[in-house]
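Participant: Provided herewith: upload_27.pdb, PDB, C-alpha atoms.
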```pdb
ATOM      1  CA  ARG P   1       4.619 -27.198  -2.960
ATOM      2  CA  GLU P   2       5.089 -29.289  -6.067
ATOM      3  CA  THR P   3       8.726 -29.821  -5.126
ATOM      4  CA  SER P   4       7.601 -30.918  -1.676
ATOM      5  CA  ALA P   5       5.113 -33.417  -3.115
ATOM      6  CA  SER P   6       7.742 -34.714  -5.533
ATOM      7  CA  LEU P   7      10.287 -35.169  -2.745
ATOM      8  CA  LEU P   8       7.693 -37.024  -0.678
ATOM      9  CA  GLU P   9       6.968 -39.412  -3.537
ATOM     10  CA  PHE P  10      10.679 -39.765  -4.246
ATOM     11  CA  GLY P  11      11.280 -40.649  -0.589
ATOM     12  CA  LYS P  12       8.467 -43.198  -0.492
ATOM     13  CA  SER P  13       9.839 -44.796  -3.637
ATOM     14  CA  PHE P  14      13.348 -45.019  -2.209
ATOM     15  CA  VAL P  15      12.003 -46.596   0.989
ATOM     16  CA  LYS P  16      10.120 -49.206  -1.074
ATOM     17  CA  VAL P  17      13.188 -49.912  -3.206
ATOM     18  CA  GLY P  18      15.250 -50.236  -0.012
ATOM     19  CA  GLU P  19      12.710 -52.641   1.505
ATOM     20  CA  ILE P  20      12.661 -54.765  -1.647
ATOM     21  CA  GLU P  21      16.454 -54.721  -1.825
ATOM     22  CA  SER P  22      16.698 -55.786   1.843
ATOM     23  CA  SER P  23      14.596 -58.866   1.102
ATOM     24  CA  TYR P  24      17.299 -59.967  -1.358
ATOM     25  CA  GLU P  25      20.419 -58.984   0.531
ATOM     26  CA  ASP P  26      21.357 -57.760   3.934
ATOM     27  CA  GLY P  27      23.934 -55.036   3.322
ATOM     28  CA  SER P  28      24.522 -51.337   3.399
ATOM     29  CA  LEU P  29      22.725 -50.588   0.092
ATOM     30  CA  PRO P  30      19.184 -51.328   1.378
ATOM     31  CA  LYS P  31      19.898 -49.330   4.550
ATOM     32  CA  ALA P  32      21.231 -46.413   2.483
ATOM     33  CA  LEU P  33      18.185 -46.470   0.179
ATOM     34  CA  ILE P  34      15.805 -46.458   3.151
ATOM     35  CA  ASP P  35      17.781 -43.617   4.816
ATOM     36  CA  VAL P  36      17.653 -41.545   1.599
ATOM     37  CA  GLY P  37      13.909 -42.146   1.472
ATOM     38  CA  HIS P  38      13.397 -40.984   5.074
ATOM     39  CA  HIS P  39      15.573 -37.928   4.536
ATOM     40  CA  SER P  40      13.637 -37.081   1.376
ATOM     41  CA  GLU P  41      10.402 -37.252   3.349
ATOM     42  CA  HIS P  42      11.907 -34.924   5.955
ATOM     43  CA  LEU P  43      13.040 -32.539   3.209
ATOM     44  CA  SER P  44       9.520 -32.656   1.804
ATOM     45  CA  ILE P  45       8.157 -31.397   5.123
ATOM     46  CA  VAL P  46      10.754 -28.624   5.234
ATOM     47  CA  TYR P  47       9.855 -27.553   1.668
ATOM     48  CA  GLN P  48       6.139 -27.577   2.557
ATOM     49  CA  GLU P  49       6.696 -25.396   5.635
ATOM     50  CA  GLN P  50       8.834 -22.994   3.607
ATOM     51  CA  ALA P  51       6.168 -22.777   0.917
ATOM     52  CA  GLU P  52       3.524 -22.021   3.550
ATOM     53  CA  ASN P  53       5.710 -19.309   5.110
ATOM     54  CA  GLU P  54       6.349 -17.705   1.727
ATOM     55  CA  THR P  55       2.634 -17.841   0.878
ATOM     56  CA  ILE P  56       1.773 -16.132   4.156
ATOM     57  CA  GLN P  57       4.387 -13.458   3.501
ATOM     58  CA  VAL P  58       3.047 -12.823  -0.014
ATOM     59  CA  ILE P  59      -0.531 -12.617   1.282
ATOM     60  CA  GLU P  60       0.487 -10.183   4.028
ATOM     61  CA  THR P  61       2.391  -8.023   1.534
ATOM     62  CA  ILE P  62      -0.523  -7.977  -0.897
ATOM     63  CA  SER P  63      -2.944  -7.151   1.934
ATOM     64  CA  TYR P  64      -0.674  -4.300   2.964
ATOM     65  CA  TYR P  65      -0.616  -2.957  -0.596
ATOM     66  CA  VAL P  66      -4.406  -3.245  -0.899
ATOM     67  CA  GLY P  67      -4.806  -1.266   2.331
ATOM     68  CA  LEU P  68      -2.252   1.278   1.226
ATOM     69  CA  THR P  69      -3.975   1.682  -2.140
ATOM     70  CA  GLN P  70      -7.282   2.348  -0.373
ATOM     71  CA  ALA P  71      -5.593   4.905   1.874
ATOM     72  CA  VAL P  72      -4.122   6.656  -1.178
ATOM     73  CA  ARG P  73      -7.572   6.769  -2.775
ATOM     74  CA  ASP P  74      -8.993   8.320   0.404
ATOM     75  CA  VAL P  75      -6.225  10.921   0.536
ATOM     76  CA  ILE P  76      -6.727  11.805  -3.124
ATOM     77  CA  LYS P  77     -10.471  12.257  -2.500
ATOM     78  CA  ARG P  78      -9.694  14.529   0.456
ATOM     79  CA  ILE P  79      -7.276  16.558  -1.668
ATOM     80  CA  GLN P  80      -9.923  16.863  -4.379
ATOM     81  CA  LYS P  81     -12.387  18.160  -1.754
ATOM     82  CA  MET P  82      -9.771  20.619  -0.508
ATOM     83  CA  VAL P  83      -9.166  21.855  -4.054
ATOM     84  CA  LEU P  84     -12.919  22.199  -4.570
ATOM     85  CA  THR P  85     -13.173  24.202  -1.326
ATOM     86  CA  HIS P  86     -10.295  26.407  -2.453
ATOM     87  CA  ASP P  87     -11.897  26.964  -5.869
ATOM     88  CA  THR P  88     -15.269  27.748  -4.296
ATOM     89  CA  ILE P  89     -13.676  30.306  -1.991
ATOM     90  CA  ASP P  90     -11.787  31.759  -4.963
ATOM     91  CA  ASP P  91     -14.995  32.116  -6.996
ATOM     92  CA  SER P  92     -16.760  33.712  -4.036
ATOM     93  CA  LEU P  93     -13.835  36.094  -3.526
ATOM     94  CA  THR P  94     -13.855  37.088  -7.192
ATOM     95  CA  LYS P  95     -17.581  37.868  -7.007
ATOM     96  CA  MET P  96     -17.083  39.935  -3.842
ATOM     97  CA  GLN P  97     -14.243  41.875  -5.473
ATOM     98  CA  GLU P  98     -16.415  42.551  -8.528
ATOM     99  CA  LYS P  99     -19.217  43.658  -6.233
ATOM    100  CA  LYS P 100     -16.791  45.958  -4.401
ATOM    101  CA  SER P 101     -15.604  47.567  -7.633
ATOM    102  CA  LYS P 102     -19.227  48.332  -8.587
ATOM    103  CA  PHE P 103     -20.312  49.108  -5.042
ATOM    104  CA  GLN P 104     -22.139  52.338  -4.398
ATOM    105  CA  GLY P 105     -23.693  52.161  -1.005
ATOM    106  CA  LYS P 106     -23.261  53.033   2.606
ATOM    107  CA  GLU P 107     -19.791  53.214   4.031
ATOM    108  CA  GLU P 108     -20.753  50.644   6.684
ATOM    109  CA  ASP P 109     -21.833  48.181   3.982
ATOM    110  CA  GLN P 110     -18.581  48.811   2.138
ATOM    111  CA  ARG P 111     -16.550  48.077   5.299
ATOM    112  CA  ARG P 112     -18.542  44.900   5.837
ATOM    113  CA  LEU P 113     -17.820  43.845   2.254
ATOM    114  CA  GLU P 114     -14.114  44.578   2.711
ATOM    115  CA  LEU P 115     -14.102  42.502   5.900
ATOM    116  CA  GLU P 116     -15.768  39.635   4.029
ATOM    117  CA  ILE P 117     -13.162  39.973   1.273
ATOM    118  CA  ASN P 118     -10.349  39.891   3.839
ATOM    119  CA  ASN P 119     -11.868  36.827   5.531
ATOM    120  CA  ALA P 120     -12.324  35.074   2.183
ATOM    121  CA  THR P 121      -8.739  35.929   1.204
ATOM    122  CA  GLU P 122      -7.473  34.413   4.463
ATOM    123  CA  ARG P 123      -9.637  31.288   4.008
ATOM    124  CA  LYS P 124      -8.329  30.976   0.442
ATOM    125  CA  ARG P 125      -4.722  31.197   1.709
ATOM    126  CA  GLU P 126      -5.409  28.570   4.383
ATOM    127  CA  ALA P 127      -7.127  26.291   1.862
ATOM    128  CA  ALA P 128      -4.187  26.634  -0.551
ATOM    129  CA  LYS P 129      -1.753  25.889   2.292
ATOM    130  CA  GLU P 130      -3.728  22.760   3.285
ATOM    131  CA  VAL P 131      -3.769  21.546  -0.325
ATOM    132  CA  MET P 132      -0.011  22.067  -0.666
ATOM    133  CA  GLU P 133       0.678  20.247   2.627
ATOM    134  CA  ALA P 134      -1.581  17.338   1.689
ATOM    135  CA  GLU P 135      -0.005  17.046  -1.756
ATOM    136  CA  SER P 136       3.470  17.179  -0.219
ATOM    137  CA  THR P 137       2.573  14.445   2.280
ATOM    138  CA  LEU P 138       1.076  12.326  -0.484
ATOM    139  CA  THR P 139       4.219  12.757  -2.595
ATOM    140  CA  GLU P 140       6.462  11.725   0.312
ATOM    141  CA  GLU P 141       4.269   8.712   1.078
ATOM    142  CA  MET P 142       4.332   7.659  -2.560
ATOM    143  CA  LYS P 143       8.135   7.843  -2.542
ATOM    144  CA  ARG P 144       8.199   5.710   0.618
ATOM    145  CA  PHE P 145       5.788   3.251  -0.992
ATOM    146  CA  HIS P 146       8.035   3.033  -4.040
ATOM    147  CA  ARG P 147      11.073   2.282  -1.843
ATOM    148  CA  GLU P 148       9.160  -0.411   0.080
ATOM    149  CA  LYS P 149       7.848  -1.906  -3.141
ATOM    150  CA  GLN P 150      11.375  -2.149  -4.495
ATOM    151  CA  TYR P 151      12.431  -3.943  -1.302
ATOM    152  CA  ASP P 152       9.478  -6.362  -1.466
ATOM    153  CA  ILE P 153      10.167  -7.212  -5.085
ATOM    154  CA  LYS P 154      13.684  -8.338  -4.177
TER
END
```
Would you kindly transcribe this structure into structure tokens?

Facilitator:
Amino acid sequence: RETSASLLEFGKSFVKVGEIESSYEDGSLPKALIDVGHHSEHLSIVYQEQAENETIQVIETISYYVGLTQAVRDVIKRIQKMVLTHDTIDDSLTKMQEKKSKFQGKEEDQRRLELEINNATERKREAAKEVMEAESTLTEEMKRFHREKQYDIK
């Protein structure tokens, strides 16, 4: 933008010099000075448009990164909740297994406890699988982000 403003002022100055020169002589020099001035003004407009386009591109890229950062935060929170769910199931399973080892009751109650242990074990496996998948997806997305960031920096 500063280059654009400088070119504009440079062009105006050349036009003025050309006009002053034309009042003294009627040759190719005044015409050339005025032409340089007009071309400098045109270049100034081109520089201004380019600066605006680059600013828009930078803003869009930064907005994209801000959105992506928020999405990563959300995914990390979800993973933390998944890990908490997994740990809660694990604690519950441990307590049930301790209860089973000390259990002295009806056979029906023991079967019910074993069924609960089996269900908790399956839920724990599913929770661990979900955590691993989410972490894997996050890792892949972070690699993709890194590649895109490298491209944007260039």

Participant: Step by step, work through what the PyMOL selection byres ((chain P and resi 96) around 12) selects in the shown file, and finish by giving those residues as a ChimeraX atom specification.

Facilitator: /P:89-95,97-103,110,112-121

Participant: Taking the file as shown, what set of residues would the PyMOL selection byres ((chain P and resi 4-8) around 6) give back, as an NGL selection string?

Facilitator: :P and (1-3 or 9-11 or 40-41 or 44 or 47-48)

Participant: Mind listing whatever residues come within 9 Å of the point (-4.0, 18.8, -0.6)? Use all atoms listed in the file, file coordinates, and give them as a VMD selection string.

Facilitator: chain P and resid 75 to 76 78 to 83 127 to 138

Participant: Quick one, how far is atom CA of Ser63 of chain P from atom CA of Gln150 of chain P?

Facilitator: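 Taking atom CA of Ser63 of chain P and atom CA of Gln150 of chain P, their separation equals 16.5 Å.
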
Participant: Give the answer as one residue: which of P:Ile20, P:Leu33, P:Val72, P:Ile59 has the shortest atom-to-atom distance to Thr139 of chain P, using all atoms listed in the file?

Facilitator: P:Val72

Participant: Nearest residue to Lys149 of chain P out of P:Leu68, P:Ala32, P:Ile56, P:Val17, using all atoms listed in the file?

Facilitator: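 Using all atoms listed in the file, the shortest distance to Lys149 of chain P belongs to P:Leu68.
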
Participant: How far is it from atom CA of Lys143 of chain P to atom CA of Asp74 of chain P, in Å with one decimal?

Facilitator: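 Going from atom CA of Lys143 of chain P over to atom CA of Asp74 of chain P covers 17.4 Å.
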
Participant: For atom CA of Ile62 of chain P and atom CA of Glu141 of chain P, quote the distance in Å rounded to one decimal.

Facilitator: 17.5 Å

Participant: Given the choices P:Thr61, P:Asp26, P:Lys12, P:Glu140, which gets closest to His42 of chain P if the distance is worked out from all atoms listed in the file?

Facilitator: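 Of P:Thr61, P:Asp26, P:Lys12, P:Glu140, the one nearest His42 of chain P, counting all atoms listed in the file, is P:Lys12.
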
Participant: Which is closer to Glu126 of chain P than all the others in P:Asp35, P:Thr85, P:Asp109, P:Asn53, using only C-alpha atoms?

Facilitator: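 Ranking P:Asp35, P:Thr85, P:Asp109, P:Asn53 by distance to Glu126 of chain P, first place goes to P:Thr85.
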
Participant: May I ask you to restore N, CA and C atoms in segment 75-94 of chain P and write the result as a short mmCIF file (atom, residue, chain, number, x, y, z; two decimals), in the coordinates of the input?

Facilitator:
```cif
data_model
loop_
_atom_site.label_atom_id
_atom_site.label_comp_id
_atom_site.auth_asym_id
_atom_site.auth_seq_id
_atom_site.Cartn_x
_atom_site.Cartn_y
_atom_site.Cartn_z
N VAL P 75 -6.98 9.66 0.48
CA VAL P 75 -6.22 10.92 0.54
C VAL P 75 -6.47 11.74 -0.73
N ILE P 76 -6.48 11.09 -1.87
CA ILE P 76 -6.73 11.80 -3.12
C ILE P 76 -8.12 12.42 -3.12
N LYS P 77 -9.11 11.70 -2.60
CA LYS P 77 -10.47 12.26 -2.50
C LYS P 77 -10.48 13.48 -1.59
N ARG P 78 -9.75 13.38 -0.46
CA ARG P 78 -9.69 14.53 0.46
C ARG P 78 -9.02 15.72 -0.21
N ILE P 79 -7.96 15.47 -0.96
CA ILE P 79 -7.28 16.56 -1.67
C ILE P 79 -8.22 17.18 -2.70
N GLN P 80 -8.97 16.34 -3.40
CA GLN P 80 -9.92 16.86 -4.38
C GLN P 80 -10.96 17.75 -3.69
N LYS P 81 -11.43 17.34 -2.50
CA LYS P 81 -12.39 18.16 -1.75
C LYS P 81 -11.75 19.47 -1.32
N MET P 82 -10.47 19.40 -0.90
CA MET P 82 -9.77 20.62 -0.51
C MET P 82 -9.64 21.58 -1.69
N VAL P 83 -9.30 21.03 -2.85
CA VAL P 83 -9.17 21.86 -4.05
C VAL P 83 -10.52 22.47 -4.41
N LEU P 84 -11.57 21.69 -4.29
CA LEU P 84 -12.92 22.20 -4.57
C LEU P 84 -13.26 23.33 -3.60
N THR P 85 -12.94 23.15 -2.32
CA THR P 85 -13.17 24.20 -1.33
C THR P 85 -12.39 25.46 -1.70
N HIS P 86 -11.14 25.27 -2.05
CA HIS P 86 -10.30 26.41 -2.45
C HIS P 86 -10.90 27.13 -3.65
N ASP P 87 -11.32 26.35 -4.65
CA ASP P 87 -11.90 26.96 -5.87
C ASP P 87 -13.21 27.68 -5.56
N THR P 88 -14.00 27.11 -4.68
CA THR P 88 -15.27 27.75 -4.30
C THR P 88 -15.01 29.07 -3.59
N ILE P 89 -14.05 29.07 -2.68
CA ILE P 89 -13.68 30.31 -1.99
C ILE P 89 -13.15 31.32 -3.00
N ASP P 90 -12.35 30.87 -3.94
CA ASP P 90 -11.79 31.76 -4.96
C ASP P 90 -12.90 32.39 -5.80
N ASP P 91 -13.87 31.58 -6.21
CA ASP P 91 -15.00 32.12 -7.00
C ASP P 91 -15.78 33.13 -6.18
N SER P 92 -16.03 32.80 -4.91
CA SER P 92 -16.76 33.71 -4.04
C SER P 92 -15.99 35.01 -3.85
N LEU P 93 -14.68 34.91 -3.69
CA LEU P 93 -13.84 36.09 -3.53
C LEU P 93 -13.87 36.96 -4.78
N THR P 94 -13.80 36.34 -5.93
CA THR P 94 -13.86 37.09 -7.19
C THR P 94 -15.17 37.86 -7.30
#
```
